[in-house]
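Structure data (PDB, C-alpha atoms) from data-v1.pdb:
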```pdb
ATOM      1  CA  MET G   1      -6.194 -25.810  12.035
ATOM      2  CA  ALA G   2      -2.420 -25.920  12.377
ATOM      3  CA  GLY G   3      -2.621 -26.748  16.103
ATOM      4  CA  VAL G   4      -4.658 -29.883  15.400
ATOM      5  CA  ASP G   5      -2.187 -31.042  12.744
ATOM      6  CA  LYS G   6       0.678 -30.475  15.171
ATOM      7  CA  TYR G   7      -1.196 -32.386  17.901
ATOM      8  CA  ARG G   8      -1.768 -35.353  15.585
ATOM      9  CA  GLY G   9       1.882 -35.424  14.490
ATOM     10  CA  LEU G  10       3.163 -35.338  18.061
ATOM     11  CA  TYR G  11       0.671 -38.065  19.060
ATOM     12  CA  GLU G  12       2.023 -40.304  16.303
ATOM     13  CA  LYS G  13       5.623 -39.612  17.397
ATOM     14  CA  ARG G  14       4.701 -40.311  21.041
ATOM     15  CA  ASP G  15       6.291 -36.965  21.900
ATOM     16  CA  TYR G  16       4.520 -36.470  25.231
ATOM     17  CA  GLU G  17       6.540 -33.458  26.327
ATOM     18  CA  ARG G  18       5.880 -31.438  23.178
ATOM     19  CA  LEU G  19       2.228 -32.511  23.261
ATOM     20  CA  TYR G  20       2.029 -31.193  26.815
ATOM     21  CA  ASN G  21       3.706 -27.972  25.718
ATOM     22  CA  LEU G  22       0.822 -27.346  23.288
ATOM     23  CA  GLY G  23      -1.340 -26.871  26.387
ATOM     24  CA  SER G  24      -2.492 -23.555  27.763
ATOM     25  CA  SER G  25      -1.283 -22.365  31.166
ATOM     26  CA  ALA G  26      -4.708 -23.269  32.595
ATOM     27  CA  LEU G  27      -4.437 -26.832  31.273
ATOM     28  CA  LYS G  28      -0.907 -27.185  32.646
ATOM     29  CA  ALA G  29      -2.025 -25.854  36.040
ATOM     30  CA  ALA G  30      -4.840 -28.414  36.163
ATOM     31  CA  VAL G  31      -2.923 -31.432  34.813
ATOM     32  CA  PRO G  32       0.682 -32.214  35.812
ATOM     33  CA  LYS G  33       3.018 -33.288  32.992
ATOM     34  CA  GLU G  34       3.383 -36.851  34.341
ATOM     35  CA  GLN G  35      -0.399 -37.309  34.545
ATOM     36  CA  PHE G  36      -0.790 -35.944  31.016
ATOM     37  CA  ALA G  37       1.885 -38.297  29.635
ATOM     38  CA  SER G  38       0.267 -41.239  31.393
ATOM     39  CA  ALA G  39      -3.145 -40.355  29.912
ATOM     40  CA  VAL G  40      -1.696 -40.108  26.392
ATOM     41  CA  GLN G  41       0.128 -43.439  26.818
ATOM     42  CA  SER G  42      -3.158 -45.035  27.956
ATOM     43  CA  ALA G  43      -4.983 -43.546  24.959
ATOM     44  CA  ILE G  44      -2.379 -44.897  22.543
ATOM     45  CA  ALA G  45      -2.625 -48.350  24.142
ATOM     46  CA  LEU G  46      -6.432 -48.256  23.930
ATOM     47  CA  TYR G  47      -7.012 -46.589  20.552
ATOM     48  CA  GLY G  48      -3.817 -47.330  18.628
ATOM     49  CA  ASN G  49      -2.425 -45.161  15.856
ATOM     50  CA  TYR G  50      -4.380 -42.291  14.329
ATOM     51  CA  LYS G  51      -5.894 -43.094  10.926
ATOM     52  CA  SER G  52      -8.232 -40.266   9.900
ATOM     53  CA  SER G  53     -10.719 -37.688  11.087
ATOM     54  CA  ALA G  54     -13.563 -35.570   9.773
ATOM     55  CA  LEU G  55     -14.308 -32.130  11.159
ATOM     56  CA  LEU G  56     -17.944 -32.080  12.248
ATOM     57  CA  GLY G  57     -18.169 -28.531  13.406
ATOM     58  CA  ALA G  58     -16.395 -25.501  14.737
ATOM     59  CA  SER G  59     -17.404 -22.585  16.921
ATOM     60  CA  CYS G  60     -15.302 -19.443  16.994
ATOM     61  CA  PHE G  61     -15.134 -16.801  19.665
ATOM     62  CA  PRO G  62     -12.784 -13.803  20.004
ATOM     63  CA  ASN G  63      -9.995 -15.795  21.722
ATOM     64  CA  GLU G  64     -11.163 -19.380  21.399
ATOM     65  CA  VAL G  65     -11.926 -22.033  18.782
ATOM     66  CA  ARG G  66     -13.950 -25.145  19.626
ATOM     67  CA  LEU G  67     -13.691 -28.136  17.298
ATOM     68  CA  ALA G  68     -15.513 -31.471  17.065
ATOM     69  CA  TYR G  69     -14.137 -34.369  15.029
ATOM     70  CA  ASP G  70     -15.225 -37.912  14.275
ATOM     71  CA  THR G  71     -11.895 -39.699  14.403
ATOM     72  CA  GLU G  72     -10.786 -43.186  13.497
ATOM     73  CA  TYR G  73      -7.889 -44.850  15.270
ATOM     74  CA  GLU G  74      -6.643 -48.386  14.642
ATOM     75  CA  ASN G  75      -8.802 -49.826  17.421
ATOM     76  CA  ALA G  76     -11.755 -47.434  17.731
ATOM     77  CA  LYS G  77     -13.929 -44.744  16.223
ATOM     78  CA  VAL G  78     -14.407 -41.837  18.621
ATOM     79  CA  ARG G  79     -15.621 -38.252  18.878
ATOM     80  CA  GLU G  80     -12.890 -35.760  19.764
ATOM     81  CA  LEU G  81     -13.650 -32.363  21.269
ATOM     82  CA  MET G  82     -10.934 -29.705  21.394
ATOM     83  CA  ILE G  83     -10.861 -26.157  22.666
ATOM     84  CA  TRP G  84      -7.964 -23.963  21.563
ATOM     85  CA  SER G  85      -7.150 -20.625  23.194
ATOM     86  CA  VAL G  86      -6.009 -18.198  20.516
ATOM     87  CA  SER G  87      -3.885 -15.096  20.998
ATOM     88  CA  GLY G  88      -2.583 -13.485  17.838
ATOM     89  CA  SER G  89      -1.061 -16.270  15.747
ATOM     90  CA  ARG G  90      -0.526 -18.565  18.765
ATOM     91  CA  ALA G  91      -2.976 -21.344  19.645
ATOM     92  CA  GLU G  92      -2.782 -23.368  22.870
ATOM     93  CA  LEU G  93      -4.808 -26.450  23.717
ATOM     94  CA  ALA G  94      -7.169 -25.566  26.552
ATOM     95  CA  MET G  95      -9.280 -28.753  26.591
ATOM     96  CA  TYR G  96      -9.228 -32.146  24.916
ATOM     97  CA  GLN G  97     -11.871 -34.812  25.398
ATOM     98  CA  VAL G  98     -12.524 -38.156  23.736
ATOM     99  CA  LEU G  99     -16.016 -39.600  23.726
ATOM    100  CA  PRO G 100     -16.335 -43.310  23.012
ATOM    101  CA  SER G 101     -19.105 -42.937  20.462
ATOM    102  CA  GLN G 102     -19.981 -40.912  17.421
ATOM    103  CA  ASP G 103     -23.503 -39.842  18.367
ATOM    104  CA  GLU G 104     -25.526 -37.373  16.345
ATOM    105  CA  PHE G 105     -23.892 -33.961  16.085
ATOM    106  CA  HIS G 106     -26.143 -30.908  16.227
ATOM    107  CA  LYS G 107     -24.657 -28.439  13.749
ATOM    108  CA  GLU G 108     -27.216 -25.787  14.686
ATOM    109  CA  SER G 109     -25.306 -25.293  17.956
ATOM    110  CA  GLN G 110     -22.226 -23.977  16.121
ATOM    111  CA  VAL G 111     -21.126 -20.384  16.320
ATOM    112  CA  GLY G 112     -19.781 -19.180  12.984
ATOM    113  CA  CYS G 113     -16.087 -19.091  12.234
ATOM    114  CA  PRO G 114     -14.633 -16.741   9.639
ATOM    115  CA  VAL G 115     -13.689 -18.357   6.372
ATOM    116  CA  PRO G 116      -9.875 -18.505   6.075
TER     117      PRO G 116
END
```

Please re-express this file's structure in structure tokens.
Amino acid sequence: MAGVDKYRGLYEKRDYERLYNLGSSALKAAVPKEQFASAVQSAIALYGNYKSSALLGASCFPNEVRLAYDTEYENAKVRELMIWSVSGSRAELAMYQVLPSQDEFHKESQVGCPVP
């Protein structure tokens, strides 16, 4: 997904403002820009640079895509969960969560996405 690639590139550049601007209006209403930047800075200090990720699963809904990745950073392997709000060709990050482990993933819980 193009939004994920953009997110990863901005993370690597430490471009907190443009990362924040990927967020949906709901995310921005819930999390002030300064708090968001601080959280990203903390994540970079804890996890280090992004190395690689593997998409575990995706669920697609009319205006939303949910993604789960097993991701490797310099200092940790984590599970990333992302929800993207989609309107036309525009995707905005609605939720991002990092889990400290890579527990079993239940693929049967996925809702099918159309093949690009």

Checklist line | Within 12 Å of Lys28 of chain G using only C-alpha atoms, minus same-chain residues under 4 positions, as a list of chain:residue names | finding: G:Glu17, G:Leu19, G:Tyr20, G:Asn21, G:Leu22, G:Gly23, G:Ser24, G:Pro32, G:Lys33, G:Glu34, G:Gln35, G:Phe36, G:Ala37, G:Glu92, G:Leu93, G:Ala94, G:Met95

Could you jot down the atom CA of Arg8 of chain G to atom CA of Tyr50 of chain G separation for me, Å, one decimal place?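 Computing it gives 7.5 Å between the two atoms.
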
- Please evaluate the PyMOL selection byres ((chain G and resi 44) around 12) against the structure above and give the resulting residues as a ChimeraX atom specification. /G:8,10-16,37-43,45-50,73-76

**OP:** Considering only C-alpha atoms, state which residue in the set G:Met1, G:Leu67, G:Val78, G:Val86 is at the smallest distance from Ser52 of chain G.
**Re:**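 Of G:Met1, G:Leu67, G:Val78, G:Val86, the one nearest Ser52 of chain G, counting only C-alpha atoms, is G:Val78.
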
Near-Leu99 of chain G list (10 Å; all atoms listed in the file; drop same-chain fewer than 4 positions) as a count of residues only: 7

If I take atom CA of Glu64 of chain G and atom CA of Ile83 of chain G, how far is one from the other in Å, to one decimal?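 Taking atom CA of Glu64 of chain G and atom CA of Ile83 of chain G, their separation equals 6.9 Å.
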
Counting all atoms listed in the file, closest pick from G:Val98, G:Arg18, G:Leu27, G:Val4 relative to Val65 of chain G is G:Val4

Apply the PyMOL selection byres ((chain G and resi 57) around 6) to the displayed file and report the matching residues as a list in words.
-> Leu55, Leu56, Ala58, Leu67 and Ala68 of chain G

Take the selection from the previous step and output its residues with C-alpha atoms, as an mmCIF file, in the coordinates of the input.
```cif
data_model
loop_
_atom_site.group_PDB
_atom_site.id
_atom_site.type_symbol
_atom_site.label_atom_id
_atom_site.label_comp_id
_atom_site.auth_asym_id
_atom_site.auth_seq_id
_atom_site.Cartn_x
_atom_site.Cartn_y
_atom_site.Cartn_z
ATOM 1 C CA LEU G 55 -14.308 -32.130 11.159
ATOM 2 C CA LEU G 56 -17.944 -32.080 12.248
ATOM 3 C CA ALA G 58 -16.395 -25.501 14.737
ATOM 4 C CA LEU G 67 -13.691 -28.136 17.298
ATOM 5 C CA ALA G 68 -15.513 -31.471 17.065
#
```

inquiry  = Report, in Å to a single decimal, how far apart atom CA of Ser59 of chain G and atom CA of Ser89 of chain G are.
reply    =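 So the two atoms, atom CA of Ser89 of chain G and atom CA of Ser59 of chain G, lie 17.6 Å apart.
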
ask   = Nearest to Ser25 of chain G: which of G:Ser85, G:Ser53, G:Ser101, G:Thr71 is it, counting all atoms listed in the file?
value =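 Closest to Ser25 of chain G of all the choices is G:Ser85.
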